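Engineer: What follows is a structure written as structure tokens; I'll ask about it next.
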Amino acid sequence: MTISVNTMRAIDHWVGVPLCAIASPLVALLDAVKNIFNRGPGSPKKLLFIELSEMGSAILVDPAMRNAQARGAELFFLIFKSNRASLTLLNTVKPENVFTIDSSSLSGLIKDTLRFLIIARRHRIDTVIDLELFSRFTALLTGLCGARCRVGYHIFHGEGLWRGFMLTRKVHYNPHIHITKNFLSLIHAAFAQKIEVPFSKIQIPDSEVRLEQAVINPAALEKVRTRIEKLAKEAGIEYVHGKNRLILINPNASDLLPQRRWAQQRFSELIQGVHQQYPSDLILITGSPAEIAYVEKVCAVANIKNALNFAGQVSFAELPPLYTLSDVMVTNDSGPGHFSAVTPLRTVVLFGPETPALYGSVGNSIAITANLACSPCVSAANHRKTPCHDNVCMQAITVAQVLEKVSIQLQDADKTKGR
């Protein structure tokens, strides 16, 4: 049985808090013993990042990982098994240095957690950076993995979110700057030569918030292009890459925060509007294999010949080739908005419960948000859980608004491609 997001939140609170209380004195005692026999932590040599639940964050942390790599650290990463593929888009961490935990069952979660704690010590990890926002589970992994230098976000004088005393370098989480800069502040704390309270007293320029581009295999590019042209031909659509534009519509969002979804009906209306303005272009409605039925409803209501259900038609590894071939993508605030940032694809991303100021794509992206008085309603302070069951913030975004931004992105794509 798969563990639901709400169940994991409940376990993190009701089990995590007592375990943190029990583990904190033990961790403090071990630190005191180590300090007797060691001069100091030194510069990180084997640095482990922990980011379990968010595939998009595995992309947003890449500038921080490359910063640590440039300073001479060997990188390791711990992530949920179901999210591992997100690390393959840029391959910043060597495959053999990626550890996973199976979250599909409680027994698998416990078994892989214990296995990781053993493996981390075998690899002699000296520094660990907890990227999660106040998770007790990752705090326990951080405190018990054997690393001497342990970096993460600390609540300081705030209330709630207590997760023990697992960290040796406590960083102030800043909800007013982009998450990539928050991640970079963790790197500064890990490599700092003196303790700051709180970390990190530095200015992070926008120039450091830059993603590397994925290296696209020409054979993979050709394979995806051929597949698209074959599907178009079977549907009786005239499509020639380079002549006709390729427009992607990604209507779904993960179950982690369903309030991020723009309505199916709106996506259907958007597809109709896009086709009306660009009748000769091909529209692919994308999604995972599990989202085929959801996408089919959007497709059926739109009832546009040039709009195809493309859910499940490409593997995760084939996303960069697909995005490279495409001109623009419209998506809810979800993984694809971040995955596409490692390619030249232009995107329009719809935000509601979260804010683009903190989680906006760092690619060629335009964000749309209604800026309601209640938005954003999810944050680190509530473990991204909202009481809202009526996402007016998403309903307030109109088809006309999205079409306007799509036109802007297509004009820029045309200029780049010399159309």
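So you can find residues: chains in the structure tokens are A, B, ... in the order shown, residues in each start at 1, and ligands are numbered from 1 in order.
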Give me, as a PyMOL selection string, the residues of segment 230-315 of chain A that a backbone DSSP run labels strand (DSSP E or B).

Structural biologist: chain A and resi 241+244+246-250+282-285+307-309

Engineer: Contacts of Thr138 of chain A at 10 Å or less, counting only C-alpha atoms, minus same-chain residues fewer than 4 places along, as a PyMOL selection string?

Structural biologist: chain A and resi 12+16+50-52+78+129-134+142-144+152+163+166

Engineer: Segment 53-92 of chain A near segment 183-196 of chain A within 7 Å: what's each residue's closest atom pair and its distance in Å to one decimal, counting only C-alpha atoms, ordered by chain then ascending residue number, as JSON lines?

Structural biologist:
{"residue": "A:Val61", "atom": "CA", "partner": "A:Phe183", "partner_atom": "CA", "distance": 6.2}
{"residue": "A:Ala64", "atom": "CA", "partner": "A:Leu184", "partner_atom": "CA", "distance": 4.9}
{"residue": "A:Ala68", "atom": "CA", "partner": "A:Ile187", "partner_atom": "CA", "distance": 6.5}

Engineer: Kindly save the residues from that selection, with C-alpha atoms included, as an mmCIF file, in the first residue's frame.

Structural biologist:
data_model
loop_
_atom_site.group_PDB
_atom_site.id
_atom_site.type_symbol
_atom_site.label_atom_id
_atom_site.label_comp_id
_atom_site.auth_asym_id
_atom_site.auth_seq_id
_atom_site.Cartn_x
_atom_site.Cartn_y
_atom_site.Cartn_z
ATOM 1 C CA VAL A 61 19.366 22.844 -6.050
ATOM 2 C CA ALA A 64 24.169 25.000 -5.139
ATOM 3 C CA ALA A 68 30.008 22.891 -3.766
#

Engineer: Give the answer as one residue: which of A:Lys223, A:Arg261, A:Arg266, A:His241 has the shortest atom-to-atom distance to Met394 of chain A, using only C-alpha atoms?

Structural biologist: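 Checking each candidate against Met394 of chain A, we get A:Arg261 as the closest.
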
Engineer: Segment 141-378 of chain A: which residues are alpha helix (DSSP H) by DSSP, as an NGL selection string?

Structural biologist: :A and (141-144 or 179-191 or 218-234 or 264-277 or 292-302 or 319-325 or 335-339 or 356-359)

Engineer: Name the residues in contact with segment 84-90 of chain A at a cut-off of 10 Å, using only C-alpha atoms, excluding same-chain residues fewer than 2 positions from it; report them as a VMD selection string.

Structural biologist: chain A and resid 52 to 59 62 77 to 82 92 to 95 98 to 101 211 to 216 316 to 320 335 339 to 340 342

Engineer: Can you pull out every residue within 10 Å of segment 293-309 of chain A, counting only C-alpha atoms, but drop anything in the same chain fewer than 2 positions away, and send it as an mmCIF file with N, CA and C atoms, in the first residue's frame?

Structural biologist:
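Final output, saved to part.cif:
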data_model
loop_
_atom_site.group_PDB
_atom_site.id
_atom_site.type_symbol
_atom_site.label_atom_id
_atom_site.label_comp_id
_atom_site.auth_asym_id
_atom_site.auth_seq_id
_atom_site.Cartn_x
_atom_site.Cartn_y
_atom_site.Cartn_z
ATOM 1 N N ILE A 228 6.639 11.871 -32.682
ATOM 2 C CA ILE A 228 5.627 12.925 -32.775
ATOM 3 C C ILE A 228 5.050 12.986 -34.189
ATOM 4 N N LEU A 231 2.677 10.023 -34.815
ATOM 5 C CA LEU A 231 1.372 10.185 -34.163
ATOM 6 C C LEU A 231 0.513 11.213 -34.889
ATOM 7 N N ALA A 232 1.152 12.302 -35.322
ATOM 8 C CA ALA A 232 0.422 13.334 -36.052
ATOM 9 C C ALA A 232 -0.120 12.780 -37.366
ATOM 10 N N ALA A 235 -3.080 10.616 -36.923
ATOM 11 C CA ALA A 235 -4.282 11.395 -36.592
ATOM 12 C C ALA A 235 -4.745 12.260 -37.760
ATOM 13 N N GLY A 236 -4.042 12.167 -38.882
ATOM 14 C CA GLY A 236 -4.416 12.946 -40.058
ATOM 15 C C GLY A 236 -4.025 14.403 -39.965
ATOM 16 N N ILE A 237 -2.960 14.675 -39.181
ATOM 17 C CA ILE A 237 -2.501 16.050 -38.983
ATOM 18 C C ILE A 237 -1.225 16.273 -39.783
ATOM 19 N N GLU A 238 -1.189 17.368 -40.520
ATOM 20 C CA GLU A 238 0.024 17.715 -41.263
ATOM 21 C C GLU A 238 0.979 18.454 -40.330
ATOM 22 N N TYR A 239 2.063 17.790 -39.986
ATOM 23 C CA TYR A 239 3.044 18.412 -39.078
ATOM 24 C C TYR A 239 4.448 18.142 -39.582
ATOM 25 N N ILE A 247 3.423 23.044 -29.582
ATOM 26 C CA ILE A 247 2.970 23.683 -28.341
ATOM 27 C C ILE A 247 2.548 22.607 -27.348
ATOM 28 N N LEU A 248 3.099 22.670 -26.138
ATOM 29 C CA LEU A 248 2.808 21.684 -25.103
ATOM 30 C C LEU A 248 1.851 22.275 -24.070
ATOM 31 N N ILE A 249 0.883 21.467 -23.667
ATOM 32 C CA ILE A 249 -0.043 21.829 -22.593
ATOM 33 C C ILE A 249 0.054 20.741 -21.531
ATOM 34 N N ASN A 250 0.448 21.125 -20.306
ATOM 35 C CA ASN A 250 0.575 20.161 -19.209
ATOM 36 C C ASN A 250 -0.480 20.479 -18.148
ATOM 37 N N PRO A 251 -1.629 19.771 -18.171
ATOM 38 C CA PRO A 251 -2.766 20.186 -17.342
ATOM 39 C C PRO A 251 -2.783 19.675 -15.911
ATOM 40 N N ASN A 252 -1.919 18.749 -15.554
ATOM 41 C CA ASN A 252 -2.038 18.142 -14.238
ATOM 42 C C ASN A 252 -0.983 18.683 -13.285
ATOM 43 N N ALA A 263 -8.353 24.359 -13.700
ATOM 44 C CA ALA A 263 -9.438 23.436 -14.016
ATOM 45 C C ALA A 263 -9.269 22.786 -15.386
ATOM 46 N N GLN A 264 -9.719 21.532 -15.497
ATOM 47 C CA GLN A 264 -9.674 20.826 -16.780
ATOM 48 C C GLN A 264 -10.384 21.626 -17.865
ATOM 49 N N GLN A 265 -11.534 22.188 -17.523
ATOM 50 C CA GLN A 265 -12.312 22.962 -18.492
ATOM 51 C C GLN A 265 -11.509 24.139 -19.025
ATOM 52 N N ARG A 266 -10.749 24.818 -18.145
ATOM 53 C CA ARG A 266 -9.946 25.967 -18.570
ATOM 54 C C ARG A 266 -8.858 25.522 -19.554
ATOM 55 N N PHE A 267 -8.230 24.384 -19.275
ATOM 56 C CA PHE A 267 -7.208 23.898 -20.194
ATOM 57 C C PHE A 267 -7.821 23.556 -21.552
ATOM 58 N N SER A 268 -9.022 22.997 -21.534
ATOM 59 C CA SER A 268 -9.703 22.687 -22.796
ATOM 60 C C SER A 268 -9.992 23.972 -23.573
ATOM 61 N N GLU A 269 -10.441 25.000 -22.859
ATOM 62 C CA GLU A 269 -10.717 26.287 -23.505
ATOM 63 C C GLU A 269 -9.427 26.926 -24.024
ATOM 64 N N LEU A 270 -8.346 26.747 -23.274
ATOM 65 C CA LEU A 270 -7.047 27.280 -23.704
ATOM 66 C C LEU A 270 -6.616 26.620 -25.016
ATOM 67 N N ILE A 271 -6.769 25.307 -25.087
ATOM 68 C CA ILE A 271 -6.404 24.583 -26.302
ATOM 69 C C ILE A 271 -7.210 25.090 -27.488
ATOM 70 N N GLN A 272 -8.490 25.329 -27.288
ATOM 71 C CA GLN A 272 -9.333 25.890 -28.351
ATOM 72 C C GLN A 272 -8.841 27.274 -28.769
ATOM 73 N N GLY A 273 -8.458 28.095 -27.777
ATOM 74 C CA GLY A 273 -7.961 29.437 -28.074
ATOM 75 C C GLY A 273 -6.639 29.416 -28.814
ATOM 76 N N VAL A 274 -5.740 28.533 -28.393
ATOM 77 C CA VAL A 274 -4.438 28.408 -29.057
ATOM 78 C C VAL A 274 -4.630 27.969 -30.504
ATOM 79 N N HIS A 275 -5.528 27.001 -30.707
ATOM 80 C CA HIS A 275 -5.765 26.509 -32.070
ATOM 81 C C HIS A 275 -6.386 27.593 -32.948
ATOM 82 N N GLN A 276 -7.247 28.403 -32.359
ATOM 83 C CA GLN A 276 -7.876 29.468 -33.128
ATOM 84 C C GLN A 276 -6.839 30.477 -33.616
ATOM 85 N N PRO A 279 -3.739 27.914 -36.065
ATOM 86 C CA PRO A 279 -4.432 26.716 -36.566
ATOM 87 C C PRO A 279 -3.547 25.677 -37.231
ATOM 88 N N SER A 280 -2.368 26.065 -37.688
ATOM 89 C CA SER A 280 -1.514 25.095 -38.375
ATOM 90 C C SER A 280 -0.516 24.412 -37.444
ATOM 91 N N ASP A 281 -0.530 24.780 -36.170
ATOM 92 C CA ASP A 281 0.453 24.245 -35.230
ATOM 93 C C ASP A 281 -0.083 23.031 -34.483
ATOM 94 N N LEU A 282 0.839 22.188 -34.020
ATOM 95 C CA LEU A 282 0.480 20.958 -33.317
ATOM 96 C C LEU A 282 0.502 21.192 -31.812
ATOM 97 N N ILE A 283 -0.544 20.741 -31.137
ATOM 98 C CA ILE A 283 -0.643 20.861 -29.682
ATOM 99 C C ILE A 283 -0.567 19.462 -29.078
ATOM 100 N N LEU A 284 0.385 19.259 -28.188
ATOM 101 C CA LEU A 284 0.507 17.992 -27.470
ATOM 102 C C LEU A 284 0.124 18.222 -26.013
ATOM 103 N N ILE A 285 -0.817 17.421 -25.511
ATOM 104 C CA ILE A 285 -1.243 17.530 -24.114
ATOM 105 C C ILE A 285 -0.479 16.458 -23.340
ATOM 106 N N THR A 286 0.409 16.883 -22.469
ATOM 107 C CA THR A 286 1.368 15.971 -21.848
ATOM 108 C C THR A 286 0.938 15.528 -20.454
ATOM 109 N N GLY A 287 1.590 14.486 -19.978
ATOM 110 C CA GLY A 287 1.336 13.950 -18.645
ATOM 111 C C GLY A 287 2.048 12.624 -18.483
ATOM 112 N N SER A 288 2.039 12.111 -17.275
ATOM 113 C CA SER A 288 2.653 10.820 -16.991
ATOM 114 C C SER A 288 1.714 9.705 -17.430
ATOM 115 N N PRO A 289 2.187 8.461 -17.456
ATOM 116 C CA PRO A 289 1.296 7.343 -17.799
ATOM 117 C C PRO A 289 0.066 7.273 -16.891
ATOM 118 N N ALA A 290 0.215 7.675 -15.626
ATOM 119 C CA ALA A 290 -0.914 7.634 -14.695
ATOM 120 C C ALA A 290 -1.942 8.725 -14.980
ATOM 121 N N GLU A 291 -1.589 9.680 -15.825
ATOM 122 C CA GLU A 291 -2.467 10.820 -16.094
ATOM 123 C C GLU A 291 -3.156 10.734 -17.460
ATOM 124 N N ALA A 311 0.083 12.018 -23.178
ATOM 125 C CA ALA A 311 0.444 11.507 -21.847
ATOM 126 C C ALA A 311 1.017 10.100 -21.968
ATOM 127 N N GLY A 312 2.126 9.876 -21.288
ATOM 128 C CA GLY A 312 2.748 8.554 -21.273
ATOM 129 C C GLY A 312 3.497 8.198 -22.538
ATOM 130 N N GLN A 313 3.647 9.140 -23.470
ATOM 131 C CA GLN A 313 4.287 8.837 -24.750
ATOM 132 C C GLN A 313 5.809 8.979 -24.717
#

Engineer: Taking 4 positions as the minimum chain separation for residues in the same chain, which residues sit within 9 Å of Lys111 of chain A when counting only C-alpha atoms? Answer as a list of chain:residue names.

Structural biologist: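 My list of contacting residues is A:Ile101, A:Asp102, A:Leu106, A:Ser107, A:Arg115, A:Phe116.
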
Engineer: For Val402 of chain A, please output as a PyMOL selection string all residues within 9 Å (counting only C-alpha atoms; exclusion window: fewer than 6 positions along the same chain).

Structural biologist: chain A and resi 270+330+348+350+368

Engineer: One decimal, Å: what's the distance from atom CA of Cys388 of chain A over to atom CA of Gly352 of chain A, could you say?

Structural biologist: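 Separation of atom CA of Cys388 of chain A and atom CA of Gly352 of chain A: 11.3 Å.
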
Engineer: Set the distance at 8 Å and use only C-alpha atoms: which residues neighbour Asp126 of chain A once local chain neighbours fewer than 2 positions away are removed? I'd like the list as a VMD selection string.

Structural biologist: chain A and resid 41 44 to 47 124 128 146 to 149

Engineer: Using the selection just defined, write its residues with C-alpha atoms as an mmCIF file, in the first residue's frame.

Structural biologist:
data_model
loop_
_atom_site.group_PDB
_atom_site.id
_atom_site.type_symbol
_atom_site.label_atom_id
_atom_site.label_comp_id
_atom_site.auth_asym_id
_atom_site.auth_seq_id
_atom_site.Cartn_x
_atom_site.Cartn_y
_atom_site.Cartn_z
ATOM 1 C CA PRO A 41 35.501 19.865 10.656
ATOM 2 C CA PRO A 44 33.722 19.501 3.176
ATOM 3 C CA LYS A 45 35.178 16.632 1.163
ATOM 4 C CA LYS A 46 32.256 14.221 0.942
ATOM 5 C CA LEU A 47 29.059 16.255 0.930
ATOM 6 C CA ARG A 124 32.526 8.435 5.514
ATOM 7 C CA VAL A 128 25.366 16.724 5.123
ATOM 8 C CA GLY A 146 27.582 10.129 11.071
ATOM 9 C CA ALA A 147 28.538 13.436 9.425
ATOM 10 C CA ARG A 148 30.409 15.861 11.646
ATOM 11 C CA CYS A 149 29.223 19.001 9.837
#

Engineer: Can you measure atom CA of Ile292 of chain A to atom CA of Thr331 of chain A for me? One decimal in Å is fine.

Structural biologist: 15.9 Å

Engineer: Any idea what the distance is between atom CA of Ile11 of chain A and atom CA of Arg136 of chain A?

Structural biologist: 9.4 Å
